[in-house]
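Working notes, structure below.
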Protein chains: 4
Amino acid sequence: MADLDPLIARLREFVAERDWQQFHDPKNLAMLVASEAGELLAEYRWVANSAADAHSAEAEARARIAAEIGDVGIGLLLLCDRIGVDLGTAISDKLATNRLRYPAEKTRGKAHRPEG
Amino acid sequence: MADLDPLIARLREFVAERDWQQFHDPKNLAMLVASEAGELLAEYRWVANSAADAHSAEAEARARIAAEIGDVGIGLLLLCDRIGVDLGTAISDKLATNRLRYPAEKTRGKAHRPEG
Amino acid sequence: MADLDPLIARLREFVAERDWQQFHDPKNLAMLVASEAGELLAEYRWVANSAADAHSAEAEARARIAAEIGDVGIGLLLLCDRIGVDLGTAISDKLATNRLRYPAEKTRGKAHRPEG
Amino acid sequence: MADLDPLIARLREFVAERDWQQFHDPKNLAMLVASEAGELLAEYRWVANSAADAHSAEAEARARIAAEIGDVGIGLLLLCDRIGVDLGTAISDKLATNRLRYPAEKTRGKAHRPEG
């Protein structure tokens, strides 16, 4: 994967050129992440599970899906940068938590329930 | 930032140990991203814009927020890995698109409208 | 269906008793709707399309799903009440718009594309 | 509020005319609700809490917001109709649960924490 650090620098520059820092408090950025995730979701809402891989490979859909993934990623990086969280560390730490929460021998082959 | 490539390898291993690939078609993974983004959003829903930076720095809230960021990141990496999209490239490409869509001189200091 | 007007009165009372009006500006209520919709989504994320009707009928899942639907509905009614939009009218108006946007003869049997 | 029962009848007719029942299993409808909730969220993402009421009253924004509320409501009614849940009852039941979960004397003036 491309290194994300240079992307953070480019995002900061993009935001600064537009004087958008004023809108980018963590609350608004969490809304950005969620609304972009909703657009990503929309790409699959009428696609059956069994057709979702093929849909993701079709050129026009693929371009839209990659763009929505990019939007979610941008929102996530902007939020991380604003609050001083390293995305890689957050992912690594949560994966370690999930290893404890979902022991392989107890969860093998079972869809996990909502965590809530 | 921590390099994400080793994280992808660790995610694959985590999923394989639990035999969860069967649940991880792109549609379900887009749902994972969106539902985790909803949990991230919930962390800020009663926090005012003006208090959102301080909230993000408070230890207990910060730990929960980092965990939710981790969850969104995990979902995004799993989706990217499943459909063969590089997250860094997707972000970089979308940023280039946004540069064209939102010229600095026309959008400076203005919150952009919903795109849709 | 139960008439929703008495529910709005009960919601107002519930909120007033807790002095929660201060948190319920339209932005926060839109976040409430979206985060609860994320929880509703989570109920189905590991369920295949082909199993989703049966899942919705299973007692324990059904109770959780109805509770999440209730949460989304509460958020939507609180938002409508705050900004003076009648939910029934909003639905009726949007349905009329959709009739124009998706003519039956052109869209029959076709999943519609994301609108964006 | 306008009675929602006639709206359900009109939604059924709209869907039947387009032969869209095939796409409307509960999983896909939960995705519809969540993606439309994401669009509603987008209407407020760059609006400060303190400006959210005024934004909701501005004519052009108001029309878009009402349309997004209509979309979320349509998705919710379609889901309820598909799985045989009465929206009014679901809201009423969840409100009763919330009365027990958040006693007024303990929660007065306090934003409640994420539930889970």
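Labels used: A, B, ... for chains in the order of the structure tokens, numbers from 1 for residues in each chain, and numbers from 1 for ligands as shown.
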
Return the neighbours of chain D among the residues of chain B, cut-off 7 Å, counting only C-alpha atoms, as a compact mmCIF listing (two decimals) with all heavy atoms, in the first residue's frame.
# COMPACT_ATOMS: atom_id res chain seq x y z
N ALA B 42 -21.78 8.19 17.04
CA ALA B 42 -22.48 8.23 18.34
C ALA B 42 -21.61 8.83 19.43
O ALA B 42 -22.12 9.42 20.38
CB ALA B 42 -22.93 6.82 18.73
N GLU B 43 -20.31 8.70 19.29
CA GLU B 43 -19.40 9.27 20.30
C GLU B 43 -19.49 10.79 20.37
O GLU B 43 -19.12 11.40 21.36
CB GLU B 43 -17.95 8.86 20.00
CG GLU B 43 -17.68 7.37 20.18
CD GLU B 43 -17.77 6.95 21.64
OE1 GLU B 43 -17.57 7.79 22.53
OE2 GLU B 43 -18.10 5.77 21.88
N TRP B 46 -23.86 14.04 21.18
CA TRP B 46 -24.34 15.02 22.17
C TRP B 46 -23.25 16.02 22.56
O TRP B 46 -23.39 16.76 23.53
CB TRP B 46 -24.87 14.31 23.42
CG TRP B 46 -25.87 13.26 23.10
CD1 TRP B 46 -25.83 11.94 23.46
CD2 TRP B 46 -27.09 13.41 22.35
NE1 TRP B 46 -26.93 11.26 22.98
CE2 TRP B 46 -27.70 12.13 22.29
CE3 TRP B 46 -27.71 14.48 21.71
CZ2 TRP B 46 -28.91 11.92 21.62
CZ3 TRP B 46 -28.91 14.26 21.04
CH2 TRP B 46 -29.50 12.99 21.00
N ALA B 48 -21.15 19.34 21.64
CA ALA B 48 -21.23 20.51 20.77
C ALA B 48 -19.97 20.65 19.94
O ALA B 48 -18.89 20.20 20.36
CB ALA B 48 -21.46 21.77 21.60
N ASN B 49 -20.08 21.28 18.80
CA ASN B 49 -18.90 21.54 17.97
C ASN B 49 -17.79 22.17 18.78
O ASN B 49 -16.62 21.77 18.68
CB ASN B 49 -19.26 22.51 16.83
CG ASN B 49 -20.06 21.86 15.72
OD1 ASN B 49 -21.19 22.22 15.49
ND2 ASN B 49 -19.48 20.89 15.05
N ALA B 111 -18.21 26.39 3.46
CA ALA B 111 -18.53 24.97 3.64
C ALA B 111 -19.15 24.49 2.33
O ALA B 111 -20.03 25.14 1.79
CB ALA B 111 -19.51 24.80 4.78
N PRO B 114 -23.79 19.56 0.18
CA PRO B 114 -23.88 18.12 -0.13
C PRO B 114 -23.71 17.95 -1.63
O PRO B 114 -24.17 18.79 -2.41
CB PRO B 114 -25.29 17.74 0.29
CG PRO B 114 -25.70 18.79 1.27
CD PRO B 114 -24.94 20.05 0.93

Can you pull out the residues contacting Arg18 of chain B? Cut-off 10 Å, using only C-alpha atoms, and skip same-chain residues under 6 positions away; I want them as number ranges by chain. A: 102-111

Generate the output file for the selected residues, N, CA, C and O atoms, as a PDB file, in the first residue's frame.
ATOM      1  N   TYR A 102     -13.134 -12.197  20.539  1.00  0.00           N
ATOM      2  CA  TYR A 102     -13.661 -13.268  19.698  1.00  0.00           C
ATOM      3  C   TYR A 102     -12.639 -14.391  19.578  1.00  0.00           C
ATOM      4  O   TYR A 102     -11.958 -14.508  18.552  1.00  0.00           O
ATOM      5  N   PRO A 103     -12.520 -15.222  20.599  1.00  0.00           N
ATOM      6  CA  PRO A 103     -11.533 -16.314  20.515  1.00  0.00           C
ATOM      7  C   PRO A 103     -11.868 -17.218  19.326  1.00  0.00           C
ATOM      8  O   PRO A 103     -13.035 -17.547  19.098  1.00  0.00           O
ATOM      9  N   ALA A 104     -10.833 -17.600  18.600  1.00  0.00           N
ATOM     10  CA  ALA A 104     -11.056 -18.358  17.360  1.00  0.00           C
ATOM     11  C   ALA A 104     -11.856 -19.631  17.615  1.00  0.00           C
ATOM     12  O   ALA A 104     -12.790 -19.953  16.871  1.00  0.00           O
ATOM     13  N   GLU A 105     -11.527 -20.331  18.712  1.00  0.00           N
ATOM     14  CA  GLU A 105     -12.187 -21.632  18.928  1.00  0.00           C
ATOM     15  C   GLU A 105     -13.682 -21.486  19.230  1.00  0.00           C
ATOM     16  O   GLU A 105     -14.455 -22.401  19.016  1.00  0.00           O
ATOM     17  N   LYS A 106     -14.074 -20.317  19.721  1.00  0.00           N
ATOM     18  CA  LYS A 106     -15.493 -20.122  20.059  1.00  0.00           C
ATOM     19  C   LYS A 106     -16.294 -19.471  18.935  1.00  0.00           C
ATOM     20  O   LYS A 106     -17.524 -19.493  18.954  1.00  0.00           O
ATOM     21  N   THR A 107     -15.621 -18.847  18.017  1.00  0.00           N
ATOM     22  CA  THR A 107     -16.343 -18.047  17.018  1.00  0.00           C
ATOM     23  C   THR A 107     -16.173 -18.593  15.606  1.00  0.00           C
ATOM     24  O   THR A 107     -16.730 -18.031  14.659  1.00  0.00           O
ATOM     25  N   ARG A 108     -15.451 -19.715  15.497  1.00  0.00           N
ATOM     26  CA  ARG A 108     -15.153 -20.211  14.148  1.00  0.00           C
ATOM     27  C   ARG A 108     -16.431 -20.510  13.366  1.00  0.00           C
ATOM     28  O   ARG A 108     -17.281 -21.257  13.833  1.00  0.00           O
ATOM     29  N   GLY A 109     -16.532 -19.894  12.219  1.00  0.00           N
ATOM     30  CA  GLY A 109     -17.658 -20.163  11.326  1.00  0.00           C
ATOM     31  C   GLY A 109     -18.968 -19.537  11.750  1.00  0.00           C
ATOM     32  O   GLY A 109     -19.995 -19.730  11.103  1.00  0.00           O
ATOM     33  N   LYS A 110     -18.933 -18.777  12.853  1.00  0.00           N
ATOM     34  CA  LYS A 110     -20.170 -18.143  13.316  1.00  0.00           C
ATOM     35  C   LYS A 110     -20.099 -16.639  13.076  1.00  0.00           C
ATOM     36  O   LYS A 110     -19.147 -15.987  13.499  1.00  0.00           O
ATOM     37  N   ALA A 111     -21.152 -16.106  12.462  1.00  0.00           N
ATOM     38  CA  ALA A 111     -21.223 -14.655  12.333  1.00  0.00           C
ATOM     39  C   ALA A 111     -21.388 -14.098  13.734  1.00  0.00           C
ATOM     40  O   ALA A 111     -22.199 -14.583  14.507  1.00  0.00           O
TER      41      ALA A 111
END

Could you give me, as a PyMOL selection string, each residue of segment 1-39 of chain A that DSSP assigns to helix (DSSP H, G or I) when run on this structure's backbone? chain A and resi 5-18+21-23+26-39

Would you kindly return, as a short mmCIF file (atom, residue, chain, number, x, y, z; two decimals) with N, CA and C atoms, in the first residue's frame, each protein, DNA or RNA residue with an atom no farther than 8 Å from any atom of Leu76 of chain D, considering only C-alpha atoms and excluding same-chain residues fewer than 5 positions away?
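selection-v7.cif, freshly written:
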data_model
loop_
_atom_site.label_atom_id
_atom_site.label_comp_id
_atom_site.auth_asym_id
_atom_site.auth_seq_id
_atom_site.Cartn_x
_atom_site.Cartn_y
_atom_site.Cartn_z
N ILE C 69 -35.62 -0.13 15.08
CA ILE C 69 -36.58 0.64 14.29
C ILE C 69 -37.23 1.72 15.15
N GLY C 73 -37.07 5.70 14.48
CA GLY C 73 -38.33 6.43 14.44
C GLY C 73 -38.38 7.56 15.46
N LEU D 29 -33.37 -3.27 2.74
CA LEU D 29 -34.13 -2.11 3.24
C LEU D 29 -33.45 -1.46 4.43
N ALA D 30 -32.78 -2.26 5.27
CA ALA D 30 -31.99 -1.65 6.36
C ALA D 30 -30.86 -0.82 5.77
N VAL D 33 -32.40 2.47 4.59
CA VAL D 33 -32.60 3.40 5.72
C VAL D 33 -31.27 4.06 6.11
N LEU D 87 -44.69 0.63 12.95
CA LEU D 87 -43.75 1.68 13.33
C LEU D 87 -44.18 2.40 14.61
#

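You will find atom CA of Ser56 of chain D at 25.0 Å from atom CA of Asp53 of chain B.
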
Between B:Glu68, B:Pro26, B:Glu36, B:Trp20, which has the minimum distance to Gly84 of chain B (counting only C-alpha atoms)? B:Pro26

Find the residues near Leu77 of chain C: any atom within 9 Å, counting only C-alpha atoms, skip ones fewer than 4 places away on the same chain, and give them as a CSV table (one decimal) with N, CA, C and O atoms, in the first residue's frame.
chain,number,residue,atom,x,y,z
C,4,LEU,N,-49.3,8.6,15.2
C,4,LEU,CA,-48.1,9.1,15.7
C,4,LEU,C,-48.2,10.4,16.5
C,4,LEU,O,-47.3,10.7,17.3
C,7,LEU,N,-47.6,10.1,20.1
C,7,LEU,CA,-46.2,9.7,20.4
C,7,LEU,C,-45.4,11.0,20.4
C,7,LEU,O,-44.5,11.0,21.2
C,8,ILE,N,-45.6,11.9,19.6
C,8,ILE,CA,-44.9,13.1,19.6
C,8,ILE,C,-45.1,13.8,20.9
C,8,ILE,O,-44.1,14.3,21.5
C,11,LEU,N,-43.0,12.0,23.4
C,11,LEU,CA,-41.6,12.3,23.3
C,11,LEU,C,-41.2,13.6,23.8
C,11,LEU,O,-40.2,13.8,24.5
C,72,VAL,N,-34.7,4.6,15.5
C,72,VAL,CA,-34.7,5.5,14.3
C,72,VAL,C,-35.9,6.3,14.2
C,72,VAL,O,-35.9,7.5,13.9
C,73,GLY,N,-37.1,5.7,14.5
C,73,GLY,CA,-38.3,6.4,14.4
C,73,GLY,C,-38.4,7.6,15.5
C,73,GLY,O,-38.9,8.7,15.2
C,81,ASP,N,-40.2,17.2,14.8
C,81,ASP,CA,-40.8,18.1,15.7
C,81,ASP,C,-40.0,19.4,15.9
C,81,ASP,O,-40.5,20.5,16.0
C,82,ARG,N,-38.7,19.2,16.0
C,82,ARG,CA,-37.8,20.4,16.2
C,82,ARG,C,-37.9,21.4,15.1
C,82,ARG,O,-37.9,22.6,15.3
C,86,ASP,N,-43.7,17.8,9.0
C,86,ASP,CA,-44.6,16.7,9.3
C,86,ASP,C,-44.1,15.5,8.6
C,86,ASP,O,-43.9,15.5,7.4
C,87,LEU,N,-43.8,14.4,9.3
C,87,LEU,CA,-43.2,13.2,8.8
C,87,LEU,C,-44.1,12.6,7.6
C,87,LEU,O,-43.6,12.3,6.6

One number please: atom CA of Leu79 of chain C to atom CA of Leu95 of chain D, in Å, one decimal.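 It comes out at 15.4 Å.
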
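Our summary of the geometry notes that atom CA of Pro6 of chain B is positioned 21.5 Å from atom CA of Asp25 of chain B.
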